[in-house]
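J.: upload.cif (mmCIF, C-alpha atoms and all ligand atoms) pasted underneath:
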```
data_work
loop_
_atom_site.group_PDB
_atom_site.id
_atom_site.type_symbol
_atom_site.label_atom_id
_atom_site.label_comp_id
_atom_site.auth_asym_id
_atom_site.auth_seq_id
_atom_site.Cartn_x
_atom_site.Cartn_y
_atom_site.Cartn_z
ATOM 1 C CA MET A 27 -26.462 -7.235 -65.382
ATOM 2 C CA ALA A 28 -24.997 -9.916 -63.120
ATOM 3 C CA THR A 29 -24.365 -9.144 -59.464
ATOM 4 C CA ASP A 30 -20.931 -9.441 -57.855
ATOM 5 C CA LEU A 31 -18.578 -12.034 -59.313
ATOM 6 C CA LEU A 32 -17.511 -13.361 -55.924
ATOM 7 C CA PRO A 33 -19.544 -16.262 -54.589
ATOM 8 C CA THR A 34 -21.760 -15.119 -51.714
ATOM 9 C CA TYR A 35 -19.898 -17.219 -49.136
ATOM 10 C CA LEU A 36 -16.591 -15.549 -50.067
ATOM 11 C CA HIS A 37 -18.104 -12.066 -50.161
ATOM 12 C CA ASP A 38 -19.674 -12.627 -46.734
ATOM 13 C CA TYR A 39 -16.442 -14.092 -45.368
ATOM 14 C CA LEU A 40 -14.444 -11.002 -46.468
ATOM 15 C CA ASP A 41 -17.021 -8.701 -44.897
ATOM 16 C CA SER A 42 -16.999 -10.769 -41.702
ATOM 17 C CA LEU A 43 -13.272 -10.056 -41.256
ATOM 18 C CA VAL A 44 -13.911 -6.317 -40.972
ATOM 19 C CA PRO A 45 -14.033 -5.134 -37.341
ATOM 20 C CA PRO A 46 -17.422 -3.964 -36.017
ATOM 21 C CA ARG A 47 -18.471 -0.575 -37.337
ATOM 22 C CA ALA A 48 -20.008 2.443 -35.576
ATOM 23 C CA PRO A 49 -23.828 2.255 -35.431
ATOM 24 C CA GLU A 50 -24.094 5.212 -37.844
ATOM 25 C CA LEU A 51 -21.951 3.370 -40.424
ATOM 26 C CA GLN A 52 -24.014 0.215 -39.920
ATOM 27 C CA ALA A 53 -27.155 2.261 -40.545
ATOM 28 C CA MET A 54 -25.628 3.540 -43.796
ATOM 29 C CA GLU A 55 -24.940 -0.070 -44.839
ATOM 30 C CA ALA A 56 -28.501 -1.113 -43.990
ATOM 31 C CA TYR A 57 -29.916 1.810 -45.986
ATOM 32 C CA ALA A 58 -27.828 0.866 -49.045
ATOM 33 C CA LYS A 59 -29.215 -2.654 -48.888
ATOM 34 C CA GLN A 60 -32.759 -1.376 -48.447
ATOM 35 C CA VAL A 61 -32.751 0.990 -51.440
ATOM 36 C CA ASN A 62 -30.107 -0.851 -53.472
ATOM 37 C CA PHE A 63 -27.615 2.047 -53.451
ATOM 38 C CA PRO A 64 -24.139 1.016 -54.701
ATOM 39 C CA ILE A 65 -21.821 1.748 -51.748
ATOM 40 C CA ILE A 66 -18.386 0.123 -51.659
ATOM 41 C CA GLY A 67 -19.315 -2.011 -48.639
ATOM 42 C CA PRO A 68 -17.299 -3.105 -45.584
ATOM 43 C CA ALA A 69 -14.447 -5.150 -47.141
ATOM 44 C CA SER A 70 -13.617 -2.479 -49.750
ATOM 45 C CA GLY A 71 -14.110 0.260 -47.158
ATOM 46 C CA GLN A 72 -11.638 -1.438 -44.841
ATOM 47 C CA LEU A 73 -9.126 -1.742 -47.700
ATOM 48 C CA CYS A 74 -9.513 1.966 -48.529
ATOM 49 C CA TYR A 75 -9.058 2.870 -44.866
ATOM 50 C CA GLN A 76 -6.004 0.608 -44.584
ATOM 51 C CA VAL A 77 -4.269 2.006 -47.677
ATOM 52 C CA ALA A 78 -4.951 5.572 -46.524
ATOM 53 C CA ARG A 79 -3.426 4.731 -43.127
ATOM 54 C CA MET A 80 -0.442 2.963 -44.723
ATOM 55 C CA ILE A 81 0.546 6.006 -46.762
ATOM 56 C CA GLY A 82 -0.357 8.503 -44.013
ATOM 57 C CA ALA A 83 -2.860 10.230 -46.295
ATOM 58 C CA ARG A 84 -4.030 13.648 -45.118
ATOM 59 C CA ARG A 85 -5.235 15.071 -48.444
ATOM 60 C CA VAL A 86 -7.844 12.842 -50.050
ATOM 61 C CA PHE A 87 -10.059 13.573 -53.053
ATOM 62 C CA GLU A 88 -13.093 11.423 -53.758
ATOM 63 C CA LEU A 89 -14.927 11.489 -57.102
ATOM 64 C CA GLY A 90 -18.511 10.208 -56.869
ATOM 65 C CA SER A 91 -19.162 10.178 -53.133
ATOM 66 C CA GLY A 92 -22.853 9.283 -52.789
ATOM 67 C CA TYR A 93 -24.200 9.818 -49.256
ATOM 68 C CA GLY A 94 -20.764 9.568 -47.692
ATOM 69 C CA TYR A 95 -20.178 5.879 -46.931
ATOM 70 C CA SER A 96 -16.796 5.588 -48.667
ATOM 71 C CA THR A 97 -15.980 9.106 -47.415
ATOM 72 C CA ALA A 98 -16.410 7.868 -43.841
ATOM 73 C CA TRP A 99 -13.636 5.289 -44.275
ATOM 74 C CA PHE A 100 -11.237 7.878 -45.681
ATOM 75 C CA ALA A 101 -12.199 10.491 -43.082
ATOM 76 C CA ARG A 102 -11.435 8.029 -40.277
ATOM 77 C CA ALA A 103 -8.007 7.329 -41.790
ATOM 78 C CA VAL A 104 -7.254 11.032 -42.227
ATOM 79 C CA GLN A 105 -8.362 11.747 -38.648
ATOM 80 C CA GLU A 106 -6.093 8.981 -37.329
ATOM 81 C CA ASN A 107 -3.257 10.219 -39.565
ATOM 82 C CA GLY A 108 -3.336 13.522 -37.702
ATOM 83 C CA GLY A 109 -6.024 15.444 -39.590
ATOM 84 C CA GLY A 110 -6.501 16.894 -43.048
ATOM 85 C CA THR A 111 -9.226 17.073 -45.677
ATOM 86 C CA VAL A 112 -11.367 14.625 -47.605
ATOM 87 C CA HIS A 113 -13.156 16.176 -50.568
ATOM 88 C CA HIS A 114 -16.678 14.779 -50.980
ATOM 89 C CA VAL A 115 -18.006 15.363 -54.500
ATOM 90 C CA VAL A 116 -21.373 14.428 -55.881
ATOM 91 C CA TRP A 117 -23.641 16.241 -58.302
ATOM 92 C CA ASP A 118 -26.790 15.523 -56.316
ATOM 93 C CA GLU A 119 -27.720 18.116 -53.661
ATOM 94 C CA GLU A 120 -29.807 15.677 -51.625
ATOM 95 C CA LEU A 121 -26.973 13.101 -51.381
ATOM 96 C CA SER A 122 -24.565 15.819 -50.290
ATOM 97 C CA ARG A 123 -27.020 16.927 -47.590
ATOM 98 C CA LYS A 124 -27.380 13.342 -46.372
ATOM 99 C CA ALA A 125 -23.605 12.931 -46.305
ATOM 100 C CA ARG A 126 -23.221 16.010 -44.103
ATOM 101 C CA GLY A 127 -25.628 14.490 -41.588
ATOM 102 C CA HIS A 128 -23.960 11.079 -41.502
ATOM 103 C CA LEU A 129 -20.369 12.305 -41.462
ATOM 104 C CA GLY A 130 -21.180 14.881 -38.772
ATOM 105 C CA ALA A 131 -22.759 12.145 -36.644
ATOM 106 C CA LEU A 132 -19.613 10.034 -37.116
ATOM 107 C CA GLY A 133 -17.458 12.854 -35.711
ATOM 108 C CA PHE A 134 -15.848 13.946 -38.981
ATOM 109 C CA GLU A 135 -17.047 17.541 -38.811
ATOM 110 C CA GLY A 136 -14.313 19.827 -40.132
ATOM 111 C CA LEU A 137 -12.498 17.030 -41.980
ATOM 112 C CA VAL A 138 -14.746 16.918 -45.028
ATOM 113 C CA GLU A 139 -15.117 19.552 -47.743
ATOM 114 C CA TYR A 140 -18.368 19.203 -49.703
ATOM 115 C CA HIS A 141 -18.834 19.987 -53.397
ATOM 116 C CA VAL A 142 -22.104 19.609 -55.284
ATOM 117 C CA ALA A 143 -20.758 19.470 -58.834
ATOM 118 C CA GLU A 144 -19.330 17.313 -61.582
ATOM 119 C CA ALA A 145 -16.420 15.441 -60.032
ATOM 120 C CA VAL A 146 -13.680 15.543 -62.704
ATOM 121 C CA GLU A 147 -14.174 19.279 -63.281
ATOM 122 C CA THR A 148 -14.095 19.839 -59.512
ATOM 123 C CA LEU A 149 -10.832 17.924 -59.215
ATOM 124 C CA ARG A 150 -9.386 19.965 -62.090
ATOM 125 C CA ALA A 151 -10.353 23.177 -60.279
ATOM 126 C CA THR A 152 -9.136 22.141 -56.808
ATOM 127 C CA PRO A 153 -5.517 22.838 -55.894
ATOM 128 C CA GLY A 154 -3.520 19.665 -55.226
ATOM 129 C CA PRO A 155 -1.465 17.687 -54.803
ATOM 130 C CA PHE A 156 -3.379 14.866 -53.133
ATOM 131 C CA ASP A 157 -2.012 11.836 -51.306
ATOM 132 C CA LEU A 158 -4.898 9.614 -52.326
ATOM 133 C CA ILE A 159 -7.647 9.883 -54.942
ATOM 134 C CA PHE A 160 -10.668 7.598 -54.984
ATOM 135 C CA ASN A 161 -12.793 7.317 -58.114
ATOM 136 C CA ASP A 162 -16.356 5.959 -58.201
ATOM 137 C CA ILE A 163 -18.081 8.137 -60.838
ATOM 138 C CA ASP A 164 -20.121 6.941 -63.840
ATOM 139 C CA LYS A 165 -17.935 4.354 -65.523
ATOM 140 C CA HIS A 166 -18.028 5.804 -69.049
ATOM 141 C CA ALA A 167 -16.146 8.830 -67.661
ATOM 142 C CA TYR A 168 -13.280 6.813 -66.153
ATOM 143 C CA PRO A 169 -10.826 7.123 -69.106
ATOM 144 C CA GLU A 170 -11.105 10.906 -69.348
ATOM 145 C CA SER A 171 -10.588 11.244 -65.587
ATOM 146 C CA LEU A 172 -7.141 9.617 -65.681
ATOM 147 C CA PRO A 173 -5.011 12.555 -66.937
ATOM 148 C CA VAL A 174 -6.622 14.897 -64.400
ATOM 149 C CA ILE A 175 -6.012 12.386 -61.594
ATOM 150 C CA ALA A 176 -2.401 11.869 -62.727
ATOM 151 C CA GLU A 177 -1.828 15.614 -62.617
ATOM 152 C CA LYS A 178 -3.336 16.091 -59.148
ATOM 153 C CA LEU A 179 -1.864 13.072 -57.342
ATOM 154 C CA ARG A 180 1.569 13.443 -55.785
ATOM 155 C CA SER A 181 4.384 11.059 -56.725
ATOM 156 C CA GLY A 182 4.082 8.164 -54.286
ATOM 157 C CA GLY A 183 0.347 8.812 -54.012
ATOM 158 C CA VAL A 184 -2.332 6.181 -54.531
ATOM 159 C CA LEU A 185 -5.356 5.994 -56.805
ATOM 160 C CA ILE A 186 -8.153 3.596 -55.870
ATOM 161 C CA ILE A 187 -10.864 3.057 -58.442
ATOM 162 C CA ASP A 188 -14.013 1.000 -57.934
ATOM 163 C CA ASN A 189 -16.044 -1.379 -60.134
ATOM 164 C CA MET A 190 -13.127 -2.585 -62.207
ATOM 165 C CA LEU A 191 -14.825 -5.962 -62.710
ATOM 166 C CA TRP A 192 -18.104 -4.202 -63.515
ATOM 167 C CA HIS A 193 -20.183 -7.162 -62.352
ATOM 168 C CA GLY A 194 -18.569 -9.372 -64.998
ATOM 169 C CA ALA A 195 -19.757 -7.255 -67.952
ATOM 170 C CA ILE A 196 -16.126 -6.679 -69.024
ATOM 171 C CA PHE A 197 -15.886 -10.412 -69.868
ATOM 172 C CA ASP A 198 -18.922 -10.310 -72.137
ATOM 173 C CA ASP A 199 -17.532 -9.853 -75.685
ATOM 174 C CA GLY A 200 -20.931 -8.683 -76.855
ATOM 175 C CA ASP A 201 -21.154 -5.848 -74.310
ATOM 176 C CA HIS A 202 -19.982 -2.596 -75.874
ATOM 177 C CA THR A 203 -22.004 -0.210 -73.711
ATOM 178 C CA LEU A 204 -20.275 3.040 -72.774
ATOM 179 C CA ASN A 205 -19.831 2.084 -69.113
ATOM 180 C CA THR A 206 -18.336 -1.323 -69.890
ATOM 181 C CA GLU A 207 -16.002 0.149 -72.506
ATOM 182 C CA GLY A 208 -15.053 2.870 -70.003
ATOM 183 C CA VAL A 209 -13.939 0.267 -67.455
ATOM 184 C CA ARG A 210 -12.035 -1.729 -70.099
ATOM 185 C CA GLU A 211 -10.301 1.346 -71.528
ATOM 186 C CA PHE A 212 -9.320 2.688 -68.110
ATOM 187 C CA THR A 213 -7.857 -0.716 -67.152
ATOM 188 C CA ARG A 214 -5.876 -0.901 -70.409
ATOM 189 C CA ARG A 215 -4.483 2.593 -69.946
ATOM 190 C CA ILE A 216 -3.410 2.358 -66.329
ATOM 191 C CA THR A 217 -1.922 -1.129 -66.582
ATOM 192 C CA ASN A 218 0.092 -0.159 -69.692
ATOM 193 C CA ASP A 219 1.392 3.143 -68.355
ATOM 194 C CA ALA A 220 4.928 2.907 -66.935
ATOM 195 C CA GLY A 221 4.113 5.822 -64.649
ATOM 196 C CA TRP A 222 1.842 3.621 -62.528
ATOM 197 C CA ALA A 223 2.144 0.318 -60.645
ATOM 198 C CA ALA A 224 -1.405 -1.011 -60.637
ATOM 199 C CA SER A 225 -3.118 -4.171 -59.381
ATOM 200 C CA LEU A 226 -6.725 -5.248 -59.603
ATOM 201 C CA ILE A 227 -7.976 -6.608 -56.302
ATOM 202 C CA PRO A 228 -11.120 -8.729 -56.763
ATOM 203 C CA VAL A 229 -12.874 -7.613 -53.576
ATOM 204 C CA ARG A 230 -16.634 -7.096 -54.167
ATOM 205 C CA ASP A 231 -16.788 -5.526 -57.680
ATOM 206 C CA GLY A 232 -13.014 -5.139 -58.100
ATOM 207 C CA LEU A 233 -10.789 -2.280 -56.982
ATOM 208 C CA ILE A 234 -7.716 -1.157 -58.872
ATOM 209 C CA VAL A 235 -5.132 0.135 -56.431
ATOM 210 C CA ALA A 236 -2.489 2.103 -58.317
ATOM 211 C CA TYR A 237 0.716 3.687 -57.078
ATOM 212 C CA LYS A 238 1.896 6.786 -58.918
ATOM 213 C CA LYS A 239 5.654 6.482 -59.430
HETATM 214 C C1 LIG B 301 -21.435 4.558 -56.925
HETATM 215 S S1 LIG B 301 -22.124 5.945 -56.169
HETATM 216 C C2 LIG B 301 -20.999 6.377 -54.895
HETATM 217 C C3 LIG B 301 -20.861 5.473 -53.752
HETATM 218 C C4 LIG B 301 -19.840 5.928 -52.767
HETATM 219 N N1 LIG B 301 -18.516 6.012 -53.361
HETATM 220 C C5 LIG B 301 -19.831 4.973 -51.594
HETATM 221 O O1 LIG B 301 -19.253 3.904 -51.726
HETATM 222 O O2 LIG B 301 -20.419 5.315 -50.584
HETATM 223 C C6 LIG B 301 -21.689 7.227 -57.301
HETATM 224 C C7 LIG B 301 -22.347 8.553 -56.989
HETATM 225 O O3 LIG B 301 -21.665 9.579 -57.701
HETATM 226 C C8 LIG B 301 -22.580 10.270 -58.568
HETATM 227 N N2 LIG B 301 -21.817 10.581 -59.785
HETATM 228 C C9 LIG B 301 -21.569 9.764 -60.847
HETATM 229 N N3 LIG B 301 -20.789 10.374 -61.747
HETATM 230 C C10 LIG B 301 -20.536 11.601 -61.253
HETATM 231 C C11 LIG B 301 -19.774 12.699 -61.731
HETATM 232 N N4 LIG B 301 -19.118 12.645 -62.906
HETATM 233 N N5 LIG B 301 -19.734 13.811 -60.979
HETATM 234 C C12 LIG B 301 -20.372 13.884 -59.790
HETATM 235 N N6 LIG B 301 -21.114 12.869 -59.276
HETATM 236 C C13 LIG B 301 -21.185 11.748 -60.001
HETATM 237 C C14 LIG B 301 -23.729 9.321 -58.798
HETATM 238 O O4 LIG B 301 -24.903 10.027 -59.122
HETATM 239 C C15 LIG B 301 -23.793 8.599 -57.437
HETATM 240 O O5 LIG B 301 -24.532 9.326 -56.507
#
```
What is this file in structure tokens?
Ligand SMILES: C[S@@+](CC[C@H](N)C(=O)[O-])C[C@H]1O[C@@H](n2cnc3c(N)ncnc32)[C@H](O)[C@@H]1O
T.:
Amino acid sequence: MATDLLPTYLHDYLDSLVPPRAPELQAMEAYAKQVNFPIIGPASGQLCYQVARMIGARRVFELGSGYGYSTAWFARAVQENGGGTVHHVVWDEELSRKARGHLGALGFEGLVEYHVAEAVETLRATPGPFDLIFNDIDKHAYPESLPVIAEKLRSGGVLIIDNMLWHGAIFDDGDHTLNTEGVREFTRRITNDAGWAASLIPVRDGLIVAYKK
């Protein structure tokens, strides 16, 4: 599969515009590079943080949280918005344990609720409504997550969903793998649903930012 669609100079330029990060966050970025773990990275993280600040988000639900890098951006926004909860959900015990360490070291103790479970089922079982939902689970499961997200997000809330360019695979007419079809189908549904105002922002691997009317 191809890497990011953005030319390296543009990708690096966007990252260079993000203010310096805490050493712990920088260490998380270095670790992702070292082991090739797919974190959202600085430019997308900054965008997530900014949107969460803009809408004053205090109740955030994340699906597919890894070791807490994207969570850190949302937790900072929620802290600055006056406090609240970010739900961190991943089905891997070890990643959840790592996230607790990193997010504690970043000073987000008490702001994050951890779930080791399947993310869509966890969202279904968690009382809402949420101000912001972030989705970064396995891509084949994107379409089936949409009705649950729509039910749990408040009107005026924002959905951010990662990998909507899927490294260019969506443009390959011969690629009908489940993940690629999942990204295509999700994009079709949300951009054709009058209940949402959605835009695809081609930062890194593409984020759809969608406003629930
Ligand atoms: C792309 S990584 C998350 C990166 C994270 N959002 C970040 O930027 O720091 C997705 C993680 O969610 C897990 N995952 C994927 N689908 C999931 C699901 N349906 N339920 C729970 N965890 C899931 C994967 O195993 C992986 O650890």
J.: Could you list, as a ChimeraX atom specification, every residue matched by the PyMOL selection byres (((chain A and resi 54-71) around 6) and not hetatm) in this structure?
T.: /A:40-41,51-53,72-74,99
J.: The PyMOL selection byres (((chain A and resi 233) around 6) and not hetatm) - which residues does that actually catch in the file I just gave you? List them as a ChimeraX atom specification.
T.: /A:187-188,190,226-227,232,234
J.: Grab the CA of Asp118 (chain A) to CA of Glu170 (chain A) distance for me, in Å with one decimal place.
T.: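 CA of Asp118 (chain A) sits 20.9 Å away from CA of Glu170 (chain A).
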J.: Between A:Leu185, A:Ala98, A:Ile159, A:Leu31, which one has atoms that come closest to ligand LIG 301 (chain B), using all atoms listed in the file?
T.: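 The closest residue to ligand LIG 301 (chain B) is A:Ala98.
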J.: For a quick check of understanding, using only C-alpha atoms, which of A:Gly136, A:Tyr93, A:Gly154, A:Arg47 has the smallest distance to Lys124 (chain A)?
T.: A:Tyr93
J.: Residues up to 7 Å from ligand LIG 301 (chain B), counting all atoms listed in the file: could you list those as a VMD selection string?
T.: chain A and resid 64 to 67 89 to 97 115 to 118 121 143 to 146 162 to 164 167
J.: Atoms to include: C-alpha atoms. Write the selected residues as a PDB file, keeping the file's coordinate frame.
T.:
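Contents of the output file out.pdb:
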```
ATOM      1  CA  PRO A  64     -24.139   1.016 -54.701  1.00  0.00           C
ATOM      2  CA  ILE A  65     -21.821   1.748 -51.748  1.00  0.00           C
ATOM      3  CA  ILE A  66     -18.386   0.123 -51.659  1.00  0.00           C
ATOM      4  CA  GLY A  67     -19.315  -2.011 -48.639  1.00  0.00           C
ATOM      5  CA  LEU A  89     -14.927  11.489 -57.102  1.00  0.00           C
ATOM      6  CA  GLY A  90     -18.511  10.208 -56.869  1.00  0.00           C
ATOM      7  CA  SER A  91     -19.162  10.178 -53.133  1.00  0.00           C
ATOM      8  CA  GLY A  92     -22.853   9.283 -52.789  1.00  0.00           C
ATOM      9  CA  TYR A  93     -24.200   9.818 -49.256  1.00  0.00           C
ATOM     10  CA  GLY A  94     -20.764   9.568 -47.692  1.00  0.00           C
ATOM     11  CA  TYR A  95     -20.178   5.879 -46.931  1.00  0.00           C
ATOM     12  CA  SER A  96     -16.796   5.588 -48.667  1.00  0.00           C
ATOM     13  CA  THR A  97     -15.980   9.106 -47.415  1.00  0.00           C
ATOM     14  CA  VAL A 115     -18.006  15.363 -54.500  1.00  0.00           C
ATOM     15  CA  VAL A 116     -21.373  14.428 -55.881  1.00  0.00           C
ATOM     16  CA  TRP A 117     -23.641  16.241 -58.302  1.00  0.00           C
ATOM     17  CA  ASP A 118     -26.790  15.523 -56.316  1.00  0.00           C
ATOM     18  CA  LEU A 121     -26.973  13.101 -51.381  1.00  0.00           C
ATOM     19  CA  ALA A 143     -20.758  19.470 -58.834  1.00  0.00           C
ATOM     20  CA  GLU A 144     -19.330  17.313 -61.582  1.00  0.00           C
ATOM     21  CA  ALA A 145     -16.420  15.441 -60.032  1.00  0.00           C
ATOM     22  CA  VAL A 146     -13.680  15.543 -62.704  1.00  0.00           C
ATOM     23  CA  ASP A 162     -16.356   5.959 -58.201  1.00  0.00           C
ATOM     24  CA  ILE A 163     -18.081   8.137 -60.838  1.00  0.00           C
ATOM     25  CA  ASP A 164     -20.121   6.941 -63.840  1.00  0.00           C
ATOM     26  CA  ALA A 167     -16.146   8.830 -67.661  1.00  0.00           C
TER      27      ALA A 167
END
```
